[in-house]
Amino acid sequence: MTMLDPEVSAKYEIVVGLEIHCQLLTNTKIYAADANRFGEAPNTNISPITLGHPGTLPKLNKKVVDYAIKMGLACGCEISRENSFERKNYFYPDLPKGYQLTQDKAPICVGGGLEVLPKGAAEKVYVPLNRIHFEEDAGKSIHSETEDVTLVDLNRAGTPLIEIVTEPAIHSAAEAGAFLTDVRQIVRYLEICDGNMEEGSMRCDANISVRKYGAPLGKKTEVKNMNSIRNVQRAIDHEVERQIILIEAGEEVISETRTFDANTGTTAAMRTKEELNDYRYFPDPDLSPLFVSEEWIEGIRTEMPPLPADLVQKFTQEYGLPAYDAGVLTETKEMALFFDAVCQQTQNRKAASNWMMGPIKSFLNEQGGDIKNFSLSVDQFVGLIELVDAGKVNFSIASKEIFPRLVADKAATAESIAKAQNLLQDSSEDTIRPIAEAVLAEMPDKVTAFKKGKKGLIGMFIGQVVKKSGGKADPKKAGAILQELLA
Amino acid sequence: MNINEESLKKLAHLARLDFDASASEKMAKDLSGILDWVEQLNEVDTEGVKPLTNMSQEINAYREDVVGNHLEREKGLKNAPDQDGEFFRVPKVLD
C-alpha cells in the first residue's frame, strides 16, 4: 500500500463508532434455563427453547437485566423504565429460531458515556454512548475443511449479551483503544463479564469513516474480527488510510462489511450478500413487557462496587499518590481493594504503593498468582511497612529477606521474622562507631579525597558501613557518625 | 397497496421461499389484498393512544438465574435432517 503523506491525512477527520458485545457471567442463558458455560461438549447445554422448537416460549433471566443496569449505571446512562423486545430476522444455521431476540426501540440503557485518557494524550476525551441493550448470542458454526458441511454447536445459542454502542464520536485509534480498555476494566470490576477478547467473551466491531473537516459524514465500513484491543486499533489505522487513499484518488468508499486479518494488518471485503440485510425488526409477542421500577434500580445502585475512576480519585486526592501509582493500583479491583484496606491502617500510603508496585507485583508475576489468592494479610503487610518506617530494618532487607518469609507463613509477623533471622538494624552508637572507624582506616586515600572536597564519597562510606554490619546498620545513623568522624 | 414483482422477489428471498414464476402473479395479488385489508386499521383514530406492543397482561414474567433441565444431546439431535451424534450438520455456509 502506498504510504500516506501526513499532510494529506491531516486534512481528514476520523469518525469511529464501536459496538461492543459482552458475554454475561450468568449461570443460565438469557431466555432459557440451560447452563451458560464455555468449553463443554457440543450440544450438551441445550433445551427445546434454545433449539427454537415450535410451541416453546422464552422467559427472561432477571440477572441479565440486573447486569445490564449495573453497566448502565457505571456509564452514566439513563435506565429505561419501559423496555421492549424485538425480533431481528435473518437466516443462519446457528440461529435456530430464524430471529434474534434483541432490543431495538426501547433499550435498557440510553445515553451516558465514559471519560477516557488515550495513550500519550495530555487530556481526557469523552466518548458518548448511544445505548446499551441486551440480546442473545448465536451458536457456533465450524466449517469443515474436508467435507462440504458446516457443523453447528448450539451451546452458545442464547448466551446473554449486552451490546454497548457508542456514538460515532471517536476520532483516533488511541481513543478507541482507551475506551475499550476502560470498558473491559469496568465489566471486570462489576464482575458481569470476564472481558477476554482473545476467547471472544468480549467482541468489538468498528464502524469507520473519514471526512474532510467540516464536510458531511463519509461512507462507513463495518470492520469485524478483531480479537484484541490492539487489533481494533490496527484495524482503524489501516481502514482510515485505505479510505483516504481511495478518496484522494477520486474513488468512492463502498459501504460494506470488512474483515480484519491480524497477520497482514489489513482489511478485506467480506463476500457481499446478493441483497442488503433487511432485518425487519418487529416487537416480540412471546416475552411479556419489562418494567424497571425505581426500587429495582436503587437496589442495584447500592450493590455497585467502587469503580476504577472513583478509586483513582480517592488514591490521588485523599491519599496524595501520583496519578501513575493510582493507575497501576486500580488495574484490577482486587488489587485496588487490598491496597485500600492497607491504607486504612497506615498513613504511609506512598510506601504501601511502592511495595504494591514493586516487590508484591513482581512476586505475583513470578508465581503466576493473582492478588485474589494472595496469602499476605493486610495486617502482615502493614507490619512490614511499620518495621521499615521505624528504622528497624531497611527496605532492601525487608523486601529481600523478610517479605518472602512473610508470604510463606501466615502466622508470622515482619517483626518476628526480623528477630528470628537476626535482621534488626542496630543503630546504637556503640555498634556503628567502631565499624565506621574501621572503614575509614581502611581507605586513607578516599578520606583525603573527601576532605579535599569530594563530598560525594560519603555515600560510598555509608555503603561500606552498612555492608560490614551485615545490612543491620541504619544508613542515616551511619551517615551521621561518619560525618562526625570526617569533620 | 400494490405489491410489485420486485418487492415480491425481495420478500421471497428474505423468507427463503421458492415458488414457480407462474404463481407470482397470484401471489402478488394475494399479498396486496392482505395489505389492503390490514390497512383498514388506519381508519381508526389513535390520537393519544399508547402503542400496544404486547397482548400479554403479564408484566415482568422473568425467572431467577437457576440452571434447569437440559435436553439430552441425543434427543436434541434426533429430528435433525443430518447430524453426527455431536453436531448438527448443514450444507456448508460461509459468510
# chains A, B, ... in the order shown; residues from 1 in each chain; ligands from 1
>>> interface_residues(of="chain B", to="chain A", cutoff="9 Å", atoms="only C-alpha atoms", output="PyMOL selection string")
chain B and resi 10+13-16+53-73+76-77+83+86-95
>>> residues_around(residues="stretch 194-207 of chain A", least_positions_apart="5", cutoff="7 Å", atoms="only C-alpha atoms", output="PyMOL selection string")
chain A and resi 16-23+184+187-188+220-224+226-228
>>> write_last_selection(atoms="all heavy atoms", output="compact mmCIF listing (two decimals), in the first residue's frame")
# COMPACT_ATOMS: atom_id res chain seq x y z
N VAL A 16 -15.26 7.24 14.19
CA VAL A 16 -15.42 5.81 14.52
C VAL A 16 -16.51 5.63 15.56
O VAL A 16 -16.61 6.41 16.51
CB VAL A 16 -14.09 5.23 15.07
CG1 VAL A 16 -14.28 3.79 15.54
CG2 VAL A 16 -12.99 5.30 14.02
N GLY A 17 -17.33 4.63 15.36
CA GLY A 17 -18.29 4.20 16.38
C GLY A 17 -18.01 2.75 16.68
O GLY A 17 -17.67 1.97 15.78
N LEU A 18 -18.11 2.36 17.94
CA LEU A 18 -17.83 0.97 18.30
C LEU A 18 -19.10 0.27 18.77
O LEU A 18 -19.98 0.89 19.38
CB LEU A 18 -16.78 0.91 19.41
CG LEU A 18 -15.39 1.48 19.12
CD1 LEU A 18 -14.52 1.37 20.36
CD2 LEU A 18 -14.73 0.78 17.95
N GLU A 19 -19.17 -1.01 18.46
CA GLU A 19 -20.23 -1.87 19.01
C GLU A 19 -19.51 -2.98 19.76
O GLU A 19 -18.77 -3.75 19.17
CB GLU A 19 -21.07 -2.48 17.87
CG GLU A 19 -21.86 -1.45 17.11
CD GLU A 19 -22.49 -2.02 15.83
OE1 GLU A 19 -22.48 -3.26 15.66
OE2 GLU A 19 -22.98 -1.23 15.02
N ILE A 20 -19.74 -3.02 21.07
CA ILE A 20 -19.02 -4.00 21.89
C ILE A 20 -20.01 -5.00 22.47
O ILE A 20 -20.97 -4.61 23.13
CB ILE A 20 -18.26 -3.30 23.03
CG1 ILE A 20 -17.32 -2.24 22.45
CG2 ILE A 20 -17.50 -4.31 23.87
CD1 ILE A 20 -16.84 -1.24 23.47
N HIS A 21 -19.77 -6.27 22.19
CA HIS A 21 -20.61 -7.32 22.76
C HIS A 21 -19.90 -7.95 23.95
O HIS A 21 -18.74 -8.34 23.83
CB HIS A 21 -20.88 -8.42 21.73
CG HIS A 21 -21.88 -8.02 20.69
ND1 HIS A 21 -21.51 -7.47 19.49
CD2 HIS A 21 -23.23 -8.08 20.68
CE1 HIS A 21 -22.60 -7.21 18.78
NE2 HIS A 21 -23.66 -7.57 19.48
N CYS A 22 -20.59 -8.03 25.07
CA CYS A 22 -20.00 -8.67 26.25
C CYS A 22 -20.88 -9.86 26.65
O CYS A 22 -22.07 -9.69 26.90
CB CYS A 22 -19.96 -7.70 27.43
SG CYS A 22 -19.00 -6.24 27.12
N GLN A 23 -20.27 -11.04 26.74
CA GLN A 23 -21.00 -12.20 27.24
C GLN A 23 -21.10 -12.09 28.75
O GLN A 23 -20.10 -11.89 29.43
CB GLN A 23 -20.25 -13.49 26.89
CG GLN A 23 -20.35 -13.88 25.44
CD GLN A 23 -19.64 -15.19 25.15
OE1 GLN A 23 -18.80 -15.64 25.92
NE2 GLN A 23 -19.97 -15.80 24.03
N ARG A 184 -13.48 -2.74 29.40
CA ARG A 184 -13.06 -4.06 29.89
C ARG A 184 -12.81 -4.02 31.39
O ARG A 184 -13.22 -4.91 32.14
CB ARG A 184 -11.80 -4.51 29.14
CG ARG A 184 -11.37 -5.91 29.54
CD ARG A 184 -10.22 -6.40 28.73
NE ARG A 184 -9.05 -5.55 28.96
CZ ARG A 184 -7.90 -5.71 28.32
NH1 ARG A 184 -7.78 -6.64 27.40
NH2 ARG A 184 -6.88 -4.93 28.58
N VAL A 187 -16.31 -3.81 33.21
CA VAL A 187 -17.08 -5.07 33.27
C VAL A 187 -16.42 -6.06 34.24
O VAL A 187 -17.11 -6.85 34.90
CB VAL A 187 -17.34 -5.74 31.89
CG1 VAL A 187 -18.20 -4.86 31.02
CG2 VAL A 187 -16.05 -6.14 31.18
N ARG A 188 -15.09 -5.99 34.33
CA ARG A 188 -14.41 -6.86 35.29
C ARG A 188 -14.65 -6.40 36.72
O ARG A 188 -14.85 -7.22 37.61
CB ARG A 188 -12.90 -6.89 34.99
CG ARG A 188 -12.60 -7.73 33.75
CD ARG A 188 -11.13 -7.69 33.41
NE ARG A 188 -10.84 -8.58 32.29
CZ ARG A 188 -9.70 -8.57 31.62
NH1 ARG A 188 -8.73 -7.73 31.96
NH2 ARG A 188 -9.50 -9.41 30.63
N LYS A 220 -19.33 4.74 5.54
CA LYS A 220 -18.61 3.98 6.56
C LYS A 220 -18.48 2.51 6.18
O LYS A 220 -19.29 1.97 5.43
CB LYS A 220 -19.31 4.09 7.91
CG LYS A 220 -20.66 3.43 7.90
CD LYS A 220 -21.30 3.32 9.25
CE LYS A 220 -22.53 2.43 9.15
NZ LYS A 220 -23.40 2.46 10.27
N THR A 221 -17.45 1.88 6.72
CA THR A 221 -17.35 0.44 6.60
C THR A 221 -17.43 -0.14 8.01
O THR A 221 -17.06 0.51 8.98
CB THR A 221 -16.01 0.01 5.97
OG1 THR A 221 -14.94 0.54 6.75
CG2 THR A 221 -15.88 0.51 4.55
N GLU A 222 -17.96 -1.37 8.09
CA GLU A 222 -18.04 -2.03 9.39
C GLU A 222 -16.97 -3.10 9.41
O GLU A 222 -16.97 -4.01 8.57
CB GLU A 222 -19.43 -2.65 9.58
CG GLU A 222 -19.56 -3.32 10.94
CD GLU A 222 -20.94 -3.92 11.19
OE1 GLU A 222 -21.80 -3.85 10.28
OE2 GLU A 222 -21.14 -4.47 12.29
N VAL A 223 -16.02 -2.99 10.35
CA VAL A 223 -14.91 -3.94 10.37
C VAL A 223 -15.08 -4.90 11.55
O VAL A 223 -15.35 -4.48 12.67
CB VAL A 223 -13.55 -3.22 10.43
CG1 VAL A 223 -12.41 -4.22 10.34
CG2 VAL A 223 -13.45 -2.20 9.31
N LYS A 224 -14.93 -6.17 11.24
CA LYS A 224 -15.13 -7.23 12.24
C LYS A 224 -13.87 -8.06 12.40
O LYS A 224 -12.92 -7.90 11.65
CB LYS A 224 -16.24 -8.18 11.76
CG LYS A 224 -17.62 -7.56 11.71
CD LYS A 224 -18.59 -8.57 11.10
CE LYS A 224 -20.01 -8.06 11.10
NZ LYS A 224 -20.64 -8.01 12.42
N MET A 226 -11.73 -8.55 15.09
CA MET A 226 -10.54 -8.12 15.81
C MET A 226 -10.59 -8.78 17.19
O MET A 226 -11.54 -8.58 17.93
CB MET A 226 -10.51 -6.60 15.99
CG MET A 226 -10.31 -5.82 14.71
SD MET A 226 -11.84 -5.52 13.83
CE MET A 226 -12.54 -4.17 14.74
N ASN A 227 -9.55 -9.57 17.51
CA ASN A 227 -9.64 -10.31 18.78
C ASN A 227 -8.73 -9.76 19.88
O ASN A 227 -8.35 -10.48 20.79
CB ASN A 227 -9.38 -11.80 18.54
CG ASN A 227 -7.94 -12.04 18.15
OD1 ASN A 227 -7.23 -11.09 17.84
ND2 ASN A 227 -7.52 -13.28 18.19
N SER A 228 -8.38 -8.49 19.76
CA SER A 228 -7.66 -7.85 20.86
C SER A 228 -7.85 -6.34 20.71
O SER A 228 -8.21 -5.86 19.63
CB SER A 228 -6.17 -8.19 20.84
OG SER A 228 -5.56 -7.59 19.72
>>> atom_distance(atom1="atom CA of A:Glu366", atom2="atom CA of A:Val328")
17.5 Å
>>> residues_around(residues="B:Ser22", least_positions_apart="5", cutoff="12 Å", atoms="only C-alpha atoms", output="ChimeraX atom specification")
/B:5,27-28
>>> select_by_dssp(residues="chain B", states="strand (DSSP E)", output="compact mmCIF listing (two decimals) with C-alpha atoms, in the first residue's frame")
# COMPACT_ATOMS: atom_id res chain seq x y z
CA PHE B 88 -25.93 -30.67 13.62
CA ARG B 89 -24.65 -30.98 10.05
CA VAL B 90 -25.84 -28.44 7.49
CA PRO B 91 -24.81 -27.63 3.92
>>> residues_around(residues="A:Gly320", least_positions_apart="5", cutoff="12 Å", atoms="only C-alpha atoms", output="MDAnalysis selection string")
chainID A and resid 312:315 325:326 343 347:351 353
>>> closest_residue(among="A:Thr166, A:Ser377, A:Asn354, A:Thr181", to="A:Arg131", atoms="only C-alpha atoms")
A:Thr166
>>> select_by_dssp(residues="chain B", states="helix (DSSP H, G or I)", output="JSON, numbers by chain")
{"B": [5, 6, 7, 8, 9, 10, 11, 12, 13, 14, 21, 22, 23, 24, 25, 26, 27, 28, 29, 30, 31, 32, 33, 34, 35, 36, 37, 38, 39, 40, 41, 42, 43, 73, 74, 75, 76, 77, 78]}
>>> atom_distance(atom1="atom CA of A:Gly218", atom2="atom CA of A:Gly113")
23.6 Å
>>> residues_around(residues="A:Ile229", least_positions_apart="2", cutoff="7 Å", atoms="only C-alpha atoms", output="list of chain:residue names")
A:Gly177, A:Leu180, A:Asn231, A:Val232, A:Gln233
>>> decode(residues="stretch 225-237 of chain A", atoms="all heavy atoms", output="short mmCIF file (atom, residue, chain, number, x, y, z; two decimals), in the first residue's frame")
data_model
loop_
_atom_site.label_atom_id
_atom_site.label_comp_id
_atom_site.auth_asym_id
_atom_site.auth_seq_id
_atom_site.Cartn_x
_atom_site.Cartn_y
_atom_site.Cartn_z
N ASN A 225 -13.95 -8.97 13.36
CA ASN A 225 -12.91 -9.99 13.52
C ASN A 225 -11.62 -9.47 14.14
O ASN A 225 -10.53 -9.89 13.75
CB ASN A 225 -12.63 -10.66 12.16
CG ASN A 225 -11.90 -11.97 12.31
OD1 ASN A 225 -12.11 -12.69 13.29
ND2 ASN A 225 -11.03 -12.29 11.39
N MET A 226 -11.73 -8.55 15.09
CA MET A 226 -10.54 -8.12 15.81
C MET A 226 -10.59 -8.78 17.19
O MET A 226 -11.54 -8.58 17.93
CB MET A 226 -10.51 -6.60 15.99
CG MET A 226 -10.31 -5.82 14.71
SD MET A 226 -11.84 -5.52 13.83
CE MET A 226 -12.54 -4.17 14.74
N ASN A 227 -9.55 -9.57 17.51
CA ASN A 227 -9.64 -10.31 18.78
C ASN A 227 -8.73 -9.76 19.88
O ASN A 227 -8.35 -10.48 20.79
CB ASN A 227 -9.38 -11.80 18.54
CG ASN A 227 -7.94 -12.04 18.15
OD1 ASN A 227 -7.23 -11.09 17.84
ND2 ASN A 227 -7.52 -13.28 18.19
N SER A 228 -8.38 -8.49 19.76
CA SER A 228 -7.66 -7.85 20.86
C SER A 228 -7.85 -6.34 20.71
O SER A 228 -8.21 -5.86 19.63
CB SER A 228 -6.17 -8.19 20.84
OG SER A 228 -5.56 -7.59 19.72
N ILE A 229 -7.59 -5.63 21.80
CA ILE A 229 -7.72 -4.18 21.74
C ILE A 229 -6.72 -3.61 20.75
O ILE A 229 -7.01 -2.71 19.97
CB ILE A 229 -7.54 -3.57 23.15
CG1 ILE A 229 -8.72 -4.00 24.03
CG2 ILE A 229 -7.43 -2.06 23.09
CD1 ILE A 229 -8.65 -3.56 25.47
N ARG A 230 -5.53 -4.19 20.75
CA ARG A 230 -4.51 -3.72 19.82
C ARG A 230 -4.94 -3.91 18.37
O ARG A 230 -4.73 -3.05 17.52
CB ARG A 230 -3.22 -4.51 20.07
CG ARG A 230 -2.01 -3.91 19.41
CD ARG A 230 -0.75 -4.68 19.76
NE ARG A 230 -0.08 -5.17 18.56
CZ ARG A 230 0.48 -4.40 17.66
NH1 ARG A 230 0.46 -3.10 17.79
NH2 ARG A 230 1.06 -4.91 16.59
N ASN A 231 -5.59 -5.04 18.09
CA ASN A 231 -6.03 -5.27 16.72
C ASN A 231 -7.16 -4.33 16.31
O ASN A 231 -7.28 -3.99 15.14
CB ASN A 231 -6.44 -6.73 16.52
CG ASN A 231 -5.22 -7.62 16.32
OD1 ASN A 231 -4.14 -7.13 16.00
ND2 ASN A 231 -5.39 -8.92 16.53
N VAL A 232 -7.99 -3.92 17.25
CA VAL A 232 -9.01 -2.92 16.92
C VAL A 232 -8.31 -1.64 16.46
O VAL A 232 -8.69 -1.02 15.46
CB VAL A 232 -9.92 -2.63 18.14
CG1 VAL A 232 -10.84 -1.45 17.84
CG2 VAL A 232 -10.74 -3.86 18.51
N GLN A 233 -7.25 -1.27 17.17
CA GLN A 233 -6.53 -0.05 16.81
C GLN A 233 -5.82 -0.20 15.46
O GLN A 233 -5.82 0.72 14.64
CB GLN A 233 -5.52 0.31 17.90
CG GLN A 233 -6.20 0.52 19.25
CD GLN A 233 -5.22 0.99 20.31
OE1 GLN A 233 -4.66 2.06 20.22
NE2 GLN A 233 -5.02 0.18 21.32
N ARG A 234 -5.24 -1.37 15.24
CA ARG A 234 -4.58 -1.60 13.95
C ARG A 234 -5.59 -1.53 12.81
O ARG A 234 -5.34 -0.96 11.76
CB ARG A 234 -3.93 -2.99 13.93
CG ARG A 234 -2.68 -3.10 14.79
CD ARG A 234 -2.22 -4.55 14.87
NE ARG A 234 -1.61 -5.02 13.63
CZ ARG A 234 -1.52 -6.30 13.28
NH1 ARG A 234 -2.01 -7.23 14.08
NH2 ARG A 234 -0.95 -6.66 12.16
N ALA A 235 -6.76 -2.12 13.04
CA ALA A 235 -7.80 -2.13 12.00
C ALA A 235 -8.24 -0.71 11.68
O ALA A 235 -8.44 -0.36 10.51
CB ALA A 235 -8.98 -2.98 12.45
N ILE A 236 -8.39 0.13 12.72
CA ILE A 236 -8.81 1.52 12.48
C ILE A 236 -7.73 2.24 11.67
O ILE A 236 -8.01 2.91 10.67
CB ILE A 236 -9.09 2.24 13.81
CG1 ILE A 236 -10.34 1.63 14.47
CG2 ILE A 236 -9.28 3.75 13.58
CD1 ILE A 236 -10.60 2.14 15.89
N ASP A 237 -6.47 2.09 12.09
CA ASP A 237 -5.38 2.77 11.37
C ASP A 237 -5.36 2.36 9.90
O ASP A 237 -5.24 3.19 9.02
CB ASP A 237 -4.03 2.44 12.03
CG ASP A 237 -3.80 3.23 13.31
OD1 ASP A 237 -4.43 4.31 13.44
OD2 ASP A 237 -3.02 2.78 14.16
#
